[in-house]
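Trainee: The structure file query06.cif (mmCIF, C-alpha atoms) is provided below.
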```
data_my_file
#
loop_
_atom_site.label_atom_id
_atom_site.label_comp_id
_atom_site.auth_asym_id
_atom_site.auth_seq_id
_atom_site.Cartn_x
_atom_site.Cartn_y
_atom_site.Cartn_z
CA MET A 3 -26.51 12.13 -26.29
CA ALA A 4 -25.07 12.71 -29.75
CA SER A 5 -23.10 9.48 -29.64
CA ASP A 6 -26.21 7.55 -28.49
CA LYS A 7 -28.23 8.95 -31.39
CA ALA A 8 -25.40 8.11 -33.81
CA VAL A 9 -25.49 4.48 -32.62
CA GLU A 10 -29.29 4.39 -32.99
CA LEU A 11 -29.06 5.82 -36.50
CA ASP A 12 -26.34 3.33 -37.40
CA ALA A 13 -28.53 0.45 -36.21
CA ALA A 14 -31.54 1.81 -38.11
CA LEU A 15 -29.50 1.98 -41.31
CA GLY A 16 -28.30 -1.60 -41.01
CA SER A 17 -24.80 -0.82 -39.72
CA TYR A 18 -23.60 0.38 -43.14
CA THR A 19 -22.57 3.80 -41.90
CA VAL A 20 -19.03 4.95 -41.23
CA GLN A 21 -18.51 7.14 -38.19
CA TYR A 22 -15.75 9.69 -37.68
CA ARG A 23 -15.04 11.58 -34.49
CA GLU A 24 -14.17 15.26 -34.58
CA THR A 25 -13.17 17.21 -31.48
CA GLN A 26 -14.30 20.83 -31.17
CA GLY A 27 -11.42 23.17 -31.86
CA GLU A 28 -9.41 20.46 -33.63
CA GLU A 29 -11.67 19.75 -36.59
CA SER A 30 -10.12 18.43 -39.79
CA ASP A 31 -10.17 20.55 -42.95
CA LYS A 32 -12.38 17.94 -44.62
CA PHE A 33 -14.99 18.17 -41.85
CA LEU A 34 -14.98 21.99 -41.91
CA SER A 35 -15.34 21.99 -45.70
CA TYR A 36 -18.87 20.56 -45.31
CA PHE A 37 -20.01 23.78 -43.58
CA LYS A 38 -19.77 26.77 -45.89
CA PRO A 39 -18.51 29.30 -45.17
CA CYS A 40 -17.62 28.23 -41.62
CA VAL A 41 -18.57 26.88 -38.23
CA ILE A 42 -18.78 29.52 -35.52
CA PRO A 43 -18.68 27.95 -32.05
CA VAL A 44 -20.99 29.72 -29.60
CA GLN A 45 -19.84 30.47 -26.06
CA GLY A 46 -22.10 29.38 -23.21
CA SER A 47 -24.46 26.51 -22.71
CA LEU A 48 -27.46 25.28 -24.64
CA TYR A 49 -29.68 26.18 -21.70
CA SER A 50 -28.54 29.83 -21.69
CA HIS A 51 -29.33 30.14 -25.41
CA LEU A 52 -32.74 28.50 -25.09
CA LYS A 53 -33.60 30.65 -22.10
CA GLY A 54 -32.56 33.79 -23.98
CA SER A 55 -30.61 35.16 -21.04
CA SER A 56 -27.57 35.95 -23.13
CA ASP A 57 -28.90 38.35 -25.75
CA ARG A 58 -25.89 38.63 -28.04
CA SER A 59 -27.55 40.65 -30.80
CA ASN A 60 -26.62 44.00 -29.19
CA GLN A 61 -23.15 42.99 -28.04
CA THR A 62 -19.86 43.67 -29.76
CA MET A 63 -18.21 40.35 -30.50
CA MET A 64 -14.78 39.54 -31.89
CA PHE A 65 -13.73 36.49 -33.89
CA LYS A 66 -10.34 35.27 -35.01
CA CYS A 67 -10.33 33.76 -38.48
CA GLU A 68 -7.50 31.52 -39.62
CA GLY A 69 -7.02 28.95 -42.36
CA GLU A 70 -6.23 29.21 -46.03
CA HIS A 71 -8.45 26.43 -47.42
CA VAL A 72 -11.28 26.46 -44.87
CA ALA A 73 -12.13 29.13 -42.33
CA ARG A 74 -11.36 28.28 -38.72
CA VAL A 75 -13.34 30.80 -36.70
CA THR A 76 -13.08 31.16 -32.93
CA GLU A 77 -14.57 33.78 -30.65
CA VAL A 78 -11.89 35.73 -28.78
CA PRO A 79 -12.21 38.31 -26.00
CA PHE A 80 -13.09 41.78 -27.30
CA SER A 81 -9.77 43.38 -26.45
CA ARG A 82 -6.87 45.00 -28.26
CA SER A 83 -4.61 42.33 -26.76
CA SER A 84 -6.48 39.69 -28.80
CA LEU A 85 -5.29 41.27 -32.07
CA ASP A 86 -2.12 40.08 -33.78
CA HIS A 87 -0.39 40.52 -37.15
CA LYS A 88 -0.78 36.92 -38.40
CA ALA A 89 -4.56 36.40 -38.45
CA VAL A 90 -7.69 38.13 -39.65
CA PHE A 91 -10.18 39.40 -37.08
CA ILE A 92 -13.88 40.12 -37.39
CA VAL A 93 -15.43 42.64 -35.02
CA GLU A 94 -19.21 42.50 -35.13
CA THR A 95 -21.18 45.45 -33.77
CA PRO A 96 -24.97 45.92 -34.02
CA SER A 97 -24.63 48.26 -37.02
CA LYS A 98 -21.30 47.40 -38.66
CA ILE A 99 -18.95 44.47 -39.21
CA PHE A 100 -15.23 45.24 -39.30
CA LEU A 101 -12.72 42.99 -41.01
CA PHE A 102 -9.22 43.61 -39.60
CA CYS A 103 -6.50 42.03 -41.74
CA GLY A 104 -3.19 41.48 -39.99
CA CYS A 105 -0.20 42.59 -42.08
CA ASN A 106 1.20 39.03 -42.09
CA SER A 107 -2.09 37.30 -42.98
CA SER A 108 -2.36 35.54 -46.32
CA MET A 109 -4.67 36.53 -49.16
CA GLN A 110 -6.44 33.16 -48.90
CA THR A 111 -7.18 33.72 -45.22
CA ARG A 112 -8.49 37.20 -45.99
CA ALA A 113 -10.78 35.75 -48.68
CA ARG A 114 -12.14 33.10 -46.28
CA ALA A 115 -12.73 35.78 -43.63
CA LEU A 116 -14.62 37.94 -46.14
CA ASP A 117 -16.90 34.95 -46.82
CA VAL A 118 -17.54 34.72 -43.06
CA VAL A 119 -18.31 38.45 -42.86
CA GLU A 120 -20.82 38.18 -45.70
CA HIS A 121 -22.39 35.18 -43.95
CA LEU A 122 -22.69 37.12 -40.68
CA LYS A 123 -24.23 40.07 -42.52
CA GLU A 124 -26.91 37.90 -44.13
CA ILE A 125 -27.68 35.63 -41.17
CA ARG A 126 -27.34 37.86 -38.11
CA HIS A 127 -28.08 41.28 -39.62
CA THR A 128 -30.51 40.24 -42.40
CA GLY A 129 -28.30 42.06 -44.89
CA ARG A 130 -28.74 45.40 -43.11
CA CYS A 131 -25.34 46.47 -41.88
CA GLU A 132 -22.19 48.01 -43.25
CA ILE A 133 -18.91 46.17 -43.80
CA ALA A 134 -15.56 47.89 -43.33
CA ALA A 135 -12.13 46.42 -44.12
CA ILE A 136 -9.23 47.63 -42.00
CA GLU A 137 -5.63 47.05 -43.07
CA ASP A 138 -3.11 46.55 -40.28
CA GLY A 139 -0.86 49.62 -40.02
CA LYS A 140 -2.78 51.84 -42.48
CA LEU A 141 -4.59 54.72 -40.79
CA VAL A 142 -4.24 57.73 -43.09
CA GLY A 143 -7.56 59.24 -44.18
CA ASP A 144 -9.68 56.21 -43.34
CA SER A 145 -12.77 57.01 -41.27
CA ASP A 146 -13.56 53.29 -40.90
CA ALA A 147 -10.14 52.71 -39.33
CA GLY A 148 -10.78 55.56 -36.89
CA GLU A 149 -14.16 54.09 -35.96
CA PHE A 150 -12.58 50.64 -35.54
CA TRP A 151 -9.84 51.87 -33.20
CA ASN A 152 -12.34 53.97 -31.22
CA LEU A 153 -14.06 50.71 -30.27
CA PHE A 154 -10.83 49.83 -28.45
CA GLY A 155 -10.44 53.27 -26.87
CA GLY A 156 -8.20 54.76 -29.57
CA TYR A 157 -5.29 53.64 -31.70
CA ALA A 158 -2.27 51.93 -30.20
CA PRO A 159 0.19 49.74 -32.08
CA ILE A 160 -0.24 46.01 -31.87
CA PRO A 161 2.80 44.46 -30.20
CA ARG A 162 5.00 42.34 -32.40
CA ASP A 163 4.83 38.62 -31.89
CA LEU A 164 7.42 37.39 -29.46
CA SER A 165 8.54 34.68 -31.86
CA ASP A 166 9.21 37.31 -34.58
CA ALA A 167 11.11 39.53 -32.17
CA VAL A 168 13.26 36.61 -31.01
CA ARG A 169 13.96 35.56 -34.60
CA GLU A 170 15.17 39.03 -35.60
CA GLN A 171 17.52 39.47 -32.66
CA PRO A 172 21.15 38.75 -33.51
CA MET A 173 22.24 35.49 -32.05
CA THR A 174 25.13 36.34 -29.74
CA THR A 175 26.54 33.80 -27.41
CA PRO A 176 28.16 35.00 -24.25
CA SER A 177 31.86 34.41 -24.24
CA LYS A 178 32.80 31.54 -22.01
CA LYS A 179 36.05 31.53 -20.07
CA LEU A 180 37.74 28.70 -18.33
CA PHE A 181 39.92 29.50 -15.36
CA LEU A 182 42.43 26.94 -14.19
CA ASP A 183 44.24 27.01 -10.86
#
```
Take the structure in the file and give it back as structure tokens.

Mentor:
Amino acid sequence: MASDKAVELDAALGSYTVQYRETQGEESDKFLSYFKPCVIPVQGSLYSHLKGSSDRSNQTMMFKCEGEHVARVTEVPFSRSSLDHKAVFIVETPSKIFLFCGCNSSMQTRARALDVVEHLKEIRHTGRCEIAAIEDGKLVGDSDAGEFWNLFGGYAPIPRDLSDAVREQPMTTPSKKLFLD
């Protein structure tokens, strides 16, 4: 339907428009820059949101935020296994929004994610919720970190990325022998 309406609009404007196609999940930085602070794709169908059957206001949701120039936000399953050291994660509860910064995430990505958190606070919580920043690997004396990890059933270390573990292993080649008769 969107493409049909785009053609109708183009015809109404005298065919002077330029059309670009963007695929969800593979948007260009330029396209995403038009939507400040971000685009947050919603899971489900239009019908389920119109019907109101999926009341998401009281659910705990988790988003992965990547990108240094523009925020690329995707909803991920609310699970400890979704966390990694390279990205920034936003966990949204009814009363608090947690910003989990992976130890290998860049400062620019953290800044973009903070913009997203502030947007969520204003739009979804009408400015009435707390924000807590959690640093990956830092637990000492931080009640917010304890509350964050309790959402996942308690603290457990996040496994290292397989690619990092493979890179740090010494490269040893098995010795090859040739036997001649």

Trainee: Could you write out as a ChimeraX atom specification the residues that the PyMOL selection byres ((chain A and resi 85-94) around 6) matches in the shown file?

Mentor: /A:62-68,82-84,95,99-107

Trainee: I need the residues from that last selection saved to file as a PDB file, keeping the file's coordinate frame (with C-alpha atoms), if you can.

Mentor:
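out_25.pdb, freshly written:
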```pdb
ATOM      1  CA  THR A  62     -19.860  43.670 -29.760  1.00  0.00           C
ATOM      2  CA  MET A  63     -18.210  40.350 -30.500  1.00  0.00           C
ATOM      3  CA  MET A  64     -14.780  39.540 -31.890  1.00  0.00           C
ATOM      4  CA  PHE A  65     -13.730  36.490 -33.890  1.00  0.00           C
ATOM      5  CA  LYS A  66     -10.340  35.270 -35.010  1.00  0.00           C
ATOM      6  CA  CYS A  67     -10.330  33.760 -38.480  1.00  0.00           C
ATOM      7  CA  GLU A  68      -7.500  31.520 -39.620  1.00  0.00           C
ATOM      8  CA  ARG A  82      -6.870  45.000 -28.260  1.00  0.00           C
ATOM      9  CA  SER A  83      -4.610  42.330 -26.760  1.00  0.00           C
ATOM     10  CA  SER A  84      -6.480  39.690 -28.800  1.00  0.00           C
ATOM     11  CA  THR A  95     -21.180  45.450 -33.770  1.00  0.00           C
ATOM     12  CA  ILE A  99     -18.950  44.470 -39.210  1.00  0.00           C
ATOM     13  CA  PHE A 100     -15.230  45.240 -39.300  1.00  0.00           C
ATOM     14  CA  LEU A 101     -12.720  42.990 -41.010  1.00  0.00           C
ATOM     15  CA  PHE A 102      -9.220  43.610 -39.600  1.00  0.00           C
ATOM     16  CA  CYS A 103      -6.500  42.030 -41.740  1.00  0.00           C
ATOM     17  CA  GLY A 104      -3.190  41.480 -39.990  1.00  0.00           C
ATOM     18  CA  CYS A 105      -0.200  42.590 -42.080  1.00  0.00           C
ATOM     19  CA  ASN A 106       1.200  39.030 -42.090  1.00  0.00           C
ATOM     20  CA  SER A 107      -2.090  37.300 -42.980  1.00  0.00           C
TER      21      SER A 107
END
```

Trainee: Could you list, with a cut-off of 10 Å and counting all atoms listed in the file, the residues of range 100-139 of chain A near range 71-80 of chain A, each shown with its nearest atom pair and the distance in Å rounded to one decimal, rows sorted by chain and ascending number, as JSON lines?

Mentor:
```
{"residue": "A:Gln110", "atom": "CA", "partner": "A:His71", "partner_atom": "CA", "distance": 7.2}
{"residue": "A:Thr111", "atom": "CA", "partner": "A:Ala73", "partner_atom": "CA", "distance": 7.3}
{"residue": "A:Arg112", "atom": "CA", "partner": "A:Ala73", "partner_atom": "CA", "distance": 9.6}
{"residue": "A:Ala113", "atom": "CA", "partner": "A:Ala73", "partner_atom": "CA", "distance": 9.3}
{"residue": "A:Arg114", "atom": "CA", "partner": "A:Ala73", "partner_atom": "CA", "distance": 5.6}
{"residue": "A:Ala115", "atom": "CA", "partner": "A:Ala73", "partner_atom": "CA", "distance": 6.8}
{"residue": "A:Leu116", "atom": "CA", "partner": "A:Ala73", "partner_atom": "CA", "distance": 9.9}
{"residue": "A:Asp117", "atom": "CA", "partner": "A:Ala73", "partner_atom": "CA", "distance": 8.8}
{"residue": "A:Val118", "atom": "CA", "partner": "A:Ala73", "partner_atom": "CA", "distance": 7.8}
```

Trainee: Just how far from CA of Phe37 in chain A is CA of Ser108 in chain A, in Å to one decimal?

Mentor: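 The value is 21.4 Å.
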
Trainee: Between CA of Ile133 in chain A and CA of Val119 in chain A, what is the spacing in Å?

Mentor: 7.8 Å

Trainee: If I take CA of Asn152 in chain A and CA of Asn60 in chain A, how far is one from the other in Å, to one decimal?

Mentor: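 We find that CA of Asn152 in chain A and CA of Asn60 in chain A lie 17.5 Å from each other.
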
Trainee: Pick the closest to Lys98 in chain A from A:Glu132, A:Glu120, A:Ile42, A:Ile125: which is it, counting only C-alpha atoms?

Mentor: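 Comparing A:Glu132, A:Glu120, A:Ile42, A:Ile125 against Lys98 in chain A, the winner is A:Glu132.
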
Trainee: How big is the axis-aligned box, and where does its centre sit, when it encloses all atoms of range 142-158 of chain A listed in the file and has 5 Å added on every side, reported in Å to one decimal as JSON?

Mentor:
```
{"center_x": -8.2, "center_y": 54.5, "center_z": -35.5, "size_x": 21.9, "size_y": 19.4, "size_z": 27.3}
```
